[in-house]
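The structure file target_9.pdb is reproduced below (PDB, N, CA and C atoms, pLDDT in the B column).
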```
ATOM      1  N   MET K   1     -16.599  28.989 -27.972  1.00 85.00           N
ATOM      2  CA  MET K   1     -17.829  28.545 -27.352  1.00 85.00           C
ATOM      3  C   MET K   1     -17.654  28.551 -25.826  1.00 85.00           C
ATOM      4  N   PRO K   2     -18.670  28.159 -25.081  1.00 93.00           N
ATOM      5  CA  PRO K   2     -18.613  28.230 -23.621  1.00 93.00           C
ATOM      6  C   PRO K   2     -17.501  27.369 -23.030  1.00 93.00           C
ATOM      7  N   SER K   3     -16.945  27.882 -21.964  1.00 97.00           N
ATOM      8  CA  SER K   3     -15.901  27.183 -21.226  1.00 97.00           C
ATOM      9  C   SER K   3     -16.293  27.179 -19.750  1.00 97.00           C
ATOM     10  N   ILE K   4     -16.384  25.995 -19.172  1.00 98.00           N
ATOM     11  CA  ILE K   4     -16.785  25.860 -17.776  1.00 98.00           C
ATOM     12  C   ILE K   4     -15.618  25.261 -17.008  1.00 98.00           C
ATOM     13  N   ASP K   5     -15.172  25.951 -15.974  1.00 98.00           N
ATOM     14  CA  ASP K   5     -14.070  25.476 -15.136  1.00 98.00           C
ATOM     15  C   ASP K   5     -14.606  25.078 -13.770  1.00 98.00           C
ATOM     16  N   ILE K   6     -14.194  23.910 -13.314  1.00 98.00           N
ATOM     17  CA  ILE K   6     -14.605  23.389 -12.017  1.00 98.00           C
ATOM     18  C   ILE K   6     -13.347  23.137 -11.201  1.00 98.00           C
ATOM     19  N   GLN K   7     -13.321  23.644  -9.991  1.00 97.00           N
ATOM     20  CA  GLN K   7     -12.177  23.435  -9.113  1.00 97.00           C
ATOM     21  C   GLN K   7     -12.561  22.478  -8.002  1.00 97.00           C
ATOM     22  N   LEU K   8     -11.740  21.431  -7.834  1.00 97.00           N
ATOM     23  CA  LEU K   8     -11.956  20.406  -6.824  1.00 97.00           C
ATOM     24  C   LEU K   8     -10.655  20.153  -6.089  1.00 97.00           C
ATOM     25  N   LEU K   9     -10.758  19.675  -4.871  1.00 96.00           N
ATOM     26  CA  LEU K   9      -9.552  19.239  -4.174  1.00 96.00           C
ATOM     27  C   LEU K   9      -9.091  17.911  -4.743  1.00 96.00           C
ATOM     28  N   GLU K  10      -7.785  17.760  -4.892  1.00 97.00           N
ATOM     29  CA  GLU K  10      -7.252  16.509  -5.415  1.00 97.00           C
ATOM     30  C   GLU K  10      -7.574  15.355  -4.465  1.00 97.00           C
ATOM     31  N   GLY K  11      -7.829  14.193  -5.055  1.00 97.00           N
ATOM     32  CA  GLY K  11      -8.037  12.988  -4.273  1.00 97.00           C
ATOM     33  C   GLY K  11      -9.421  12.807  -3.695  1.00 97.00           C
ATOM     34  N   VAL K  12     -10.345  13.692  -4.009  1.00 97.00           N
ATOM     35  CA  VAL K  12     -11.696  13.589  -3.450  1.00 97.00           C
ATOM     36  C   VAL K  12     -12.628  12.823  -4.392  1.00 97.00           C
ATOM     37  N   PHE K  13     -12.423  12.970  -5.689  1.00 98.00           N
ATOM     38  CA  PHE K  13     -13.279  12.317  -6.674  1.00 98.00           C
ATOM     39  C   PHE K  13     -12.446  11.371  -7.531  1.00 98.00           C
ATOM     40  N   SER K  14     -13.013  10.231  -7.849  1.00 97.00           N
ATOM     41  CA  SER K  14     -12.345   9.258  -8.704  1.00 97.00           C
ATOM     42  C   SER K  14     -12.388   9.727 -10.160  1.00 97.00           C
ATOM     43  N   ALA K  15     -11.614   9.063 -11.002  1.00 98.00           N
ATOM     44  CA  ALA K  15     -11.625   9.389 -12.429  1.00 98.00           C
ATOM     45  C   ALA K  15     -13.022   9.202 -13.009  1.00 98.00           C
ATOM     46  N   GLU K  16     -13.716   8.152 -12.603  1.00 98.00           N
ATOM     47  CA  GLU K  16     -15.076   7.903 -13.099  1.00 98.00           C
ATOM     48  C   GLU K  16     -16.030   9.005 -12.639  1.00 98.00           C
ATOM     49  N   GLU K  17     -15.899   9.452 -11.392  1.00 98.00           N
ATOM     50  CA  GLU K  17     -16.764  10.525 -10.893  1.00 98.00           C
ATOM     51  C   GLU K  17     -16.493  11.831 -11.628  1.00 98.00           C
ATOM     52  N   LYS K  18     -15.242  12.122 -11.914  1.00 98.00           N
ATOM     53  CA  LYS K  18     -14.919  13.340 -12.664  1.00 98.00           C
ATOM     54  C   LYS K  18     -15.491  13.258 -14.076  1.00 98.00           C
ATOM     55  N   LYS K  19     -15.446  12.089 -14.675  1.00 98.00           N
ATOM     56  CA  LYS K  19     -16.056  11.898 -15.994  1.00 98.00           C
ATOM     57  C   LYS K  19     -17.552  12.187 -15.927  1.00 98.00           C
ATOM     58  N   GLN K  20     -18.212  11.676 -14.884  1.00 98.00           N
ATOM     59  CA  GLN K  20     -19.650  11.907 -14.714  1.00 98.00           C
ATOM     60  C   GLN K  20     -19.951  13.377 -14.490  1.00 98.00           C
ATOM     61  N   ILE K  21     -19.112  14.064 -13.718  1.00 98.00           N
ATOM     62  CA  ILE K  21     -19.301  15.496 -13.491  1.00 98.00           C
ATOM     63  C   ILE K  21     -19.237  16.244 -14.818  1.00 98.00           C
ATOM     64  N   ILE K  22     -18.212  15.947 -15.622  1.00 98.00           N
ATOM     65  CA  ILE K  22     -18.055  16.620 -16.915  1.00 98.00           C
ATOM     66  C   ILE K  22     -19.266  16.358 -17.804  1.00 98.00           C
ATOM     67  N   GLN K  23     -19.703  15.109 -17.884  1.00 98.00           N
ATOM     68  CA  GLN K  23     -20.850  14.764 -18.726  1.00 98.00           C
ATOM     69  C   GLN K  23     -22.127  15.429 -18.233  1.00 98.00           C
ATOM     70  N   ASN K  24     -22.365  15.398 -16.927  1.00 98.00           N
ATOM     71  CA  ASN K  24     -23.599  15.964 -16.384  1.00 98.00           C
ATOM     72  C   ASN K  24     -23.640  17.487 -16.489  1.00 98.00           C
ATOM     73  N   VAL K  25     -22.510  18.145 -16.259  1.00 98.00           N
ATOM     74  CA  VAL K  25     -22.463  19.605 -16.385  1.00 98.00           C
ATOM     75  C   VAL K  25     -22.694  19.999 -17.839  1.00 98.00           C
ATOM     76  N   THR K  26     -22.065  19.286 -18.757  1.00 97.00           N
ATOM     77  CA  THR K  26     -22.256  19.568 -20.181  1.00 97.00           C
ATOM     78  C   THR K  26     -23.715  19.391 -20.576  1.00 97.00           C
ATOM     79  N   GLU K  27     -24.321  18.318 -20.120  1.00 97.00           N
ATOM     80  CA  GLU K  27     -25.723  18.046 -20.440  1.00 97.00           C
ATOM     81  C   GLU K  27     -26.642  19.121 -19.861  1.00 97.00           C
ATOM     82  N   ALA K  28     -26.422  19.498 -18.599  1.00 97.00           N
ATOM     83  CA  ALA K  28     -27.257  20.524 -17.961  1.00 97.00           C
ATOM     84  C   ALA K  28     -27.126  21.858 -18.690  1.00 97.00           C
ATOM     85  N   PHE K  29     -25.906  22.219 -19.067  1.00 96.00           N
ATOM     86  CA  PHE K  29     -25.702  23.469 -19.801  1.00 96.00           C
ATOM     87  C   PHE K  29     -26.406  23.415 -21.147  1.00 96.00           C
ATOM     88  N   GLY K  30     -26.316  22.278 -21.815  1.00 95.00           N
ATOM     89  CA  GLY K  30     -26.965  22.114 -23.112  1.00 95.00           C
ATOM     90  C   GLY K  30     -28.474  22.214 -23.046  1.00 95.00           C
ATOM     91  N   GLN K  31     -29.056  21.771 -21.927  1.00 96.00           N
ATOM     92  CA  GLN K  31     -30.509  21.859 -21.769  1.00 96.00           C
ATOM     93  C   GLN K  31     -30.968  23.307 -21.731  1.00 96.00           C
ATOM     94  N   VAL K  32     -30.114  24.181 -21.234  1.00 96.00           N
ATOM     95  CA  VAL K  32     -30.462  25.602 -21.176  1.00 96.00           C
ATOM     96  C   VAL K  32     -30.033  26.329 -22.448  1.00 96.00           C
ATOM     97  N   ALA K  33     -28.821  26.065 -22.904  1.00 96.00           N
ATOM     98  CA  ALA K  33     -28.243  26.824 -24.017  1.00 96.00           C
ATOM     99  C   ALA K  33     -28.596  26.270 -25.388  1.00 96.00           C
ATOM    100  N   GLY K  34     -28.995  25.008 -25.443  1.00 95.00           N
ATOM    101  CA  GLY K  34     -29.308  24.384 -26.726  1.00 95.00           C
ATOM    102  C   GLY K  34     -28.216  23.425 -27.167  1.00 95.00           C
ATOM    103  N   GLN K  35     -28.603  22.493 -28.011  1.00 94.00           N
ATOM    104  CA  GLN K  35     -27.704  21.422 -28.422  1.00 94.00           C
ATOM    105  C   GLN K  35     -26.527  21.905 -29.262  1.00 94.00           C
ATOM    106  N   THR K  36     -26.716  22.922 -30.084  1.00 95.00           N
ATOM    107  CA  THR K  36     -25.617  23.422 -30.902  1.00 95.00           C
ATOM    108  C   THR K  36     -24.510  23.982 -30.026  1.00 95.00           C
ATOM    109  N   ILE K  37     -24.887  24.783 -29.044  1.00 94.00           N
ATOM    110  CA  ILE K  37     -23.889  25.342 -28.123  1.00 94.00           C
ATOM    111  C   ILE K  37     -23.308  24.243 -27.243  1.00 94.00           C
ATOM    112  N   LYS K  38     -24.122  23.284 -26.850  1.00 95.00           N
ATOM    113  CA  LYS K  38     -23.631  22.167 -26.028  1.00 95.00           C
ATOM    114  C   LYS K  38     -22.458  21.474 -26.708  1.00 95.00           C
ATOM    115  N   GLN K  39     -22.553  21.277 -28.011  1.00 95.00           N
ATOM    116  CA  GLN K  39     -21.507  20.570 -28.743  1.00 95.00           C
ATOM    117  C   GLN K  39     -20.165  21.312 -28.726  1.00 95.00           C
ATOM    118  N   GLY K  40     -20.196  22.603 -28.480  1.00 95.00           N
ATOM    119  CA  GLY K  40     -18.963  23.380 -28.410  1.00 95.00           C
ATOM    120  C   GLY K  40     -18.538  23.723 -26.998  1.00 95.00           C
ATOM    121  N   THR K  41     -19.209  23.135 -26.014  1.00 96.00           N
ATOM    122  CA  THR K  41     -18.933  23.462 -24.614  1.00 96.00           C
ATOM    123  C   THR K  41     -17.733  22.669 -24.108  1.00 96.00           C
ATOM    124  N   SER K  42     -16.829  23.381 -23.471  1.00 97.00           N
ATOM    125  CA  SER K  42     -15.637  22.786 -22.876  1.00 97.00           C
ATOM    126  C   SER K  42     -15.780  22.809 -21.358  1.00 97.00           C
ATOM    127  N   VAL K  43     -15.541  21.670 -20.719  1.00 98.00           N
ATOM    128  CA  VAL K  43     -15.579  21.589 -19.259  1.00 98.00           C
ATOM    129  C   VAL K  43     -14.214  21.079 -18.790  1.00 98.00           C
ATOM    130  N   ARG K  44     -13.593  21.819 -17.876  1.00 98.00           N
ATOM    131  CA  ARG K  44     -12.292  21.432 -17.338  1.00 98.00           C
ATOM    132  C   ARG K  44     -12.370  21.327 -15.831  1.00 98.00           C
ATOM    133  N   ILE K  45     -11.756  20.292 -15.313  1.00 98.00           N
ATOM    134  CA  ILE K  45     -11.650  20.123 -13.863  1.00 98.00           C
ATOM    135  C   ILE K  45     -10.215  20.440 -13.469  1.00 98.00           C
ATOM    136  N   HIS K  46     -10.082  21.357 -12.543  1.00 98.00           N
ATOM    137  CA  HIS K  46      -8.783  21.728 -11.999  1.00 98.00           C
ATOM    138  C   HIS K  46      -8.711  21.173 -10.583  1.00 98.00           C
ATOM    139  N   GLU K  47      -7.724  20.348 -10.327  1.00 98.00           N
ATOM    140  CA  GLU K  47      -7.576  19.795  -8.982  1.00 98.00           C
ATOM    141  C   GLU K  47      -6.576  20.642  -8.192  1.00 98.00           C
ATOM    142  N   ILE K  48      -7.028  21.068  -7.031  1.00 98.00           N
ATOM    143  CA  ILE K  48      -6.242  21.923  -6.153  1.00 98.00           C
ATOM    144  C   ILE K  48      -5.583  21.048  -5.085  1.00 98.00           C
ATOM    145  N   LYS K  49      -4.324  21.294  -4.822  1.00 98.00           N
ATOM    146  CA  LYS K  49      -3.576  20.521  -3.841  1.00 98.00           C
ATOM    147  C   LYS K  49      -4.201  20.671  -2.450  1.00 98.00           C
ATOM    148  N   SER K  50      -4.273  19.560  -1.747  1.00 97.00           N
ATOM    149  CA  SER K  50      -4.802  19.557  -0.378  1.00 97.00           C
ATOM    150  C   SER K  50      -4.066  20.599   0.462  1.00 97.00           C
ATOM    151  N   GLY K  51      -4.835  21.409   1.191  1.00 97.00           N
ATOM    152  CA  GLY K  51      -4.256  22.443   2.036  1.00 97.00           C
ATOM    153  C   GLY K  51      -4.025  23.757   1.324  1.00 97.00           C
ATOM    154  N   SER K  52      -4.284  23.800   0.012  1.00 97.00           N
ATOM    155  CA  SER K  52      -4.080  25.028  -0.771  1.00 97.00           C
ATOM    156  C   SER K  52      -5.389  25.753  -1.051  1.00 97.00           C
ATOM    157  N   TRP K  53      -6.418  25.408  -0.316  1.00 95.00           N
ATOM    158  CA  TRP K  53      -7.740  26.000  -0.494  1.00 95.00           C
ATOM    159  C   TRP K  53      -8.256  26.365   0.891  1.00 95.00           C
ATOM    160  N   GLY K  54      -8.912  27.478   0.980  1.00 95.00           N
ATOM    161  CA  GLY K  54      -9.473  27.875   2.266  1.00 95.00           C
ATOM    162  C   GLY K  54     -10.791  28.596   2.079  1.00 95.00           C
ATOM    163  N   TYR K  55     -11.580  28.603   3.129  1.00 90.00           N
ATOM    164  CA  TYR K  55     -12.840  29.347   3.131  1.00 90.00           C
ATOM    165  C   TYR K  55     -13.095  29.812   4.552  1.00 90.00           C
ATOM    166  N   ALA K  56     -13.583  31.011   4.680  1.00 95.00           N
ATOM    167  CA  ALA K  56     -13.877  31.614   5.983  1.00 95.00           C
ATOM    168  C   ALA K  56     -12.669  31.531   6.917  1.00 95.00           C
ATOM    169  N   GLY K  57     -11.471  31.610   6.339  1.00 96.00           N
ATOM    170  CA  GLY K  57     -10.250  31.575   7.137  1.00 96.00           C
ATOM    171  C   GLY K  57      -9.791  30.183   7.532  1.00 96.00           C
ATOM    172  N   ASN K  58     -10.494  29.145   7.073  1.00 96.00           N
ATOM    173  CA  ASN K  58     -10.154  27.766   7.417  1.00 96.00           C
ATOM    174  C   ASN K  58      -9.513  27.072   6.217  1.00 96.00           C
ATOM    175  N   ILE K  59      -8.522  26.242   6.480  1.00 97.00           N
ATOM    176  CA  ILE K  59      -7.862  25.485   5.432  1.00 97.00           C
ATOM    177  C   ILE K  59      -8.678  24.229   5.144  1.00 97.00           C
ATOM    178  N   LEU K  60      -8.871  23.939   3.863  1.00 96.00           N
ATOM    179  CA  LEU K  60      -9.597  22.749   3.445  1.00 96.00           C
ATOM    180  C   LEU K  60      -8.582  21.720   2.943  1.00 96.00           C
ATOM    181  N   THR K  61      -8.677  20.506   3.476  1.00 97.00           N
ATOM    182  CA  THR K  61      -7.793  19.425   3.053  1.00 97.00           C
ATOM    183  C   THR K  61      -8.616  18.327   2.400  1.00 97.00           C
ATOM    184  N   THR K  62      -7.922  17.442   1.721  1.00 97.00           N
ATOM    185  CA  THR K  62      -8.588  16.301   1.101  1.00 97.00           C
ATOM    186  C   THR K  62      -9.325  15.484   2.156  1.00 97.00           C
ATOM    187  N   GLU K  63      -8.710  15.291   3.301  1.00 96.00           N
ATOM    188  CA  GLU K  63      -9.339  14.499   4.368  1.00 96.00           C
ATOM    189  C   GLU K  63     -10.651  15.129   4.839  1.00 96.00           C
ATOM    190  N   ILE K  64     -10.650  16.436   5.001  1.00 95.00           N
ATOM    191  CA  ILE K  64     -11.872  17.132   5.412  1.00 95.00           C
ATOM    192  C   ILE K  64     -12.939  16.994   4.345  1.00 95.00           C
ATOM    193  N   ALA K  65     -12.559  17.163   3.085  1.00 95.00           N
ATOM    194  CA  ALA K  65     -13.524  17.047   1.993  1.00 95.00           C
ATOM    195  C   ALA K  65     -14.095  15.645   1.898  1.00 95.00           C
ATOM    196  N   LEU K  66     -13.260  14.625   2.120  1.00 96.00           N
ATOM    197  CA  LEU K  66     -13.757  13.243   2.109  1.00 96.00           C
ATOM    198  C   LEU K  66     -14.750  13.003   3.249  1.00 96.00           C
ATOM    199  N   GLU K  67     -14.472  13.591   4.416  1.00 96.00           N
ATOM    200  CA  GLU K  67     -15.422  13.492   5.536  1.00 96.00           C
ATOM    201  C   GLU K  67     -16.738  14.170   5.174  1.00 96.00           C
ATOM    202  N   MET K  68     -16.675  15.301   4.497  1.00 94.00           N
ATOM    203  CA  MET K  68     -17.874  16.007   4.077  1.00 94.00           C
ATOM    204  C   MET K  68     -18.684  15.150   3.109  1.00 94.00           C
ATOM    205  N   ARG K  69     -17.999  14.460   2.208  1.00 94.00           N
ATOM    206  CA  ARG K  69     -18.702  13.578   1.244  1.00 94.00           C
ATOM    207  C   ARG K  69     -19.405  12.442   1.969  1.00 94.00           C
ATOM    208  N   GLU K  70     -18.771  11.900   2.986  1.00 94.00           N
ATOM    209  CA  GLU K  70     -19.373  10.788   3.737  1.00 94.00           C
ATOM    210  C   GLU K  70     -20.674  11.213   4.413  1.00 94.00           C
ATOM    211  N   LYS K  71     -20.724  12.458   4.856  1.00 94.00           N
ATOM    212  CA  LYS K  71     -21.913  12.978   5.532  1.00 94.00           C
ATOM    213  C   LYS K  71     -23.058  13.203   4.543  1.00 94.00           C
ATOM    214  N   GLY K  72     -22.696  13.297   3.266  1.00 86.00           N
ATOM    215  CA  GLY K  72     -23.723  13.491   2.252  1.00 86.00           C
ATOM    216  C   GLY K  72     -24.005  14.905   2.040  1.00 86.00           C
TER     217      GLY K  72
END
```

What's the structure tokens form of this structure?
Amino acid sequence: MPSIDIQLLEGVFSAEEKKQIIQNVTEAFGQVAGQTIKQGTSVRIHEIKSGSWGYAGNILTTEIALEMREKG
């Protein structure tokens, strides 16, 4: 069945927030794909070590991501 992988920087989201992400992504997918497929949907969160992620040539750290969250 469907497998959804989410990559996040470590230390940016709490265990409760990751639980909510998994539940909400599963629910949203089920609304489109149907309840039968929803029941077989797997969602995994992969946490990437701070400084091991980059975009546009810039290194992303946990501290930068936390600042981004504060800004909303």

Please enclose the listed atoms of stretch 15-30 of chain K in an axis-aligned box, pad each side by 5 Å, and write out the centre and the three edge lengths in Å, rounded to one decimal, as AutoDock Vina command-line options.
```
--center_x -20.0 --center_y 15.7 --center_z -17.0 --size_x 26.9 --size_y 25.6 --size_z 22.2
```

Quiz item: the PyMOL selection byres (((chain K and resi 18 and name CA) around 12) and name CA) on the file shown: which residues, as a PyMOL selection string?
Solution: chain K and resi 6-17+19-25+43-47

Quiz prompt | Sel. of alpha helix (DSSP H) residues, chain K, as number ranges by chain | solution = K: 15-33, 35-39, 62-71

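The two atoms in question, atom C of K:Ser3 and atom CA of K:Tyr55, are spaced 23.2 Å apart.
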
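A straight line drawn from atom C of K:Asp5 to atom CA of K:Lys71 is 23.9 Å long.
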
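Note that the spacing between atom CA of K:Leu60 and atom CA of K:Ile4 amounts to 22.6 Å.
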
Practice problem: Check chain K with DSSP on the backbone and list each residue it calls strand (DSSP E), as number ranges by chain. | Solution: K: 3-9, 42-48, 53-55, 58-60

Quiz prompt | Contacts of K:Thr62 within 5 Å, only N, CA and C atoms, excl. fewer than 3 positions in-chain, as a list in words | solution =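 Listed by chain and then number, they are Ser50, Ala65 and Leu66 of chain K.
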
Would you mind listing what lies within 8 Å of K:Gly40 as a PDB file with N, CA and C atoms, in the coordinates of the input, with all atoms listed in the file counted and same-chain residues fewer than 3 positions away left out?
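Everything below was put into result_7.pdb:
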```pdb
ATOM      1  N   MET K   1     -16.599  28.989 -27.972  1.00 85.00           N
ATOM      2  CA  MET K   1     -17.829  28.545 -27.352  1.00 85.00           C
ATOM      3  C   MET K   1     -17.654  28.551 -25.826  1.00 85.00           C
ATOM      4  N   PRO K   2     -18.670  28.159 -25.081  1.00 93.00           N
ATOM      5  CA  PRO K   2     -18.613  28.230 -23.621  1.00 93.00           C
ATOM      6  C   PRO K   2     -17.501  27.369 -23.030  1.00 93.00           C
ATOM      7  N   SER K   3     -16.945  27.882 -21.964  1.00 97.00           N
ATOM      8  CA  SER K   3     -15.901  27.183 -21.226  1.00 97.00           C
ATOM      9  C   SER K   3     -16.293  27.179 -19.750  1.00 97.00           C
ATOM     10  N   GLN K  35     -28.603  22.493 -28.011  1.00 94.00           N
ATOM     11  CA  GLN K  35     -27.704  21.422 -28.422  1.00 94.00           C
ATOM     12  C   GLN K  35     -26.527  21.905 -29.262  1.00 94.00           C
ATOM     13  N   THR K  36     -26.716  22.922 -30.084  1.00 95.00           N
ATOM     14  CA  THR K  36     -25.617  23.422 -30.902  1.00 95.00           C
ATOM     15  C   THR K  36     -24.510  23.982 -30.026  1.00 95.00           C
ATOM     16  N   ILE K  37     -24.887  24.783 -29.044  1.00 94.00           N
ATOM     17  CA  ILE K  37     -23.889  25.342 -28.123  1.00 94.00           C
ATOM     18  C   ILE K  37     -23.308  24.243 -27.243  1.00 94.00           C
ATOM     19  N   VAL K  43     -15.541  21.670 -20.719  1.00 98.00           N
ATOM     20  CA  VAL K  43     -15.579  21.589 -19.259  1.00 98.00           C
ATOM     21  C   VAL K  43     -14.214  21.079 -18.790  1.00 98.00           C
TER      22      VAL K  43
END
```
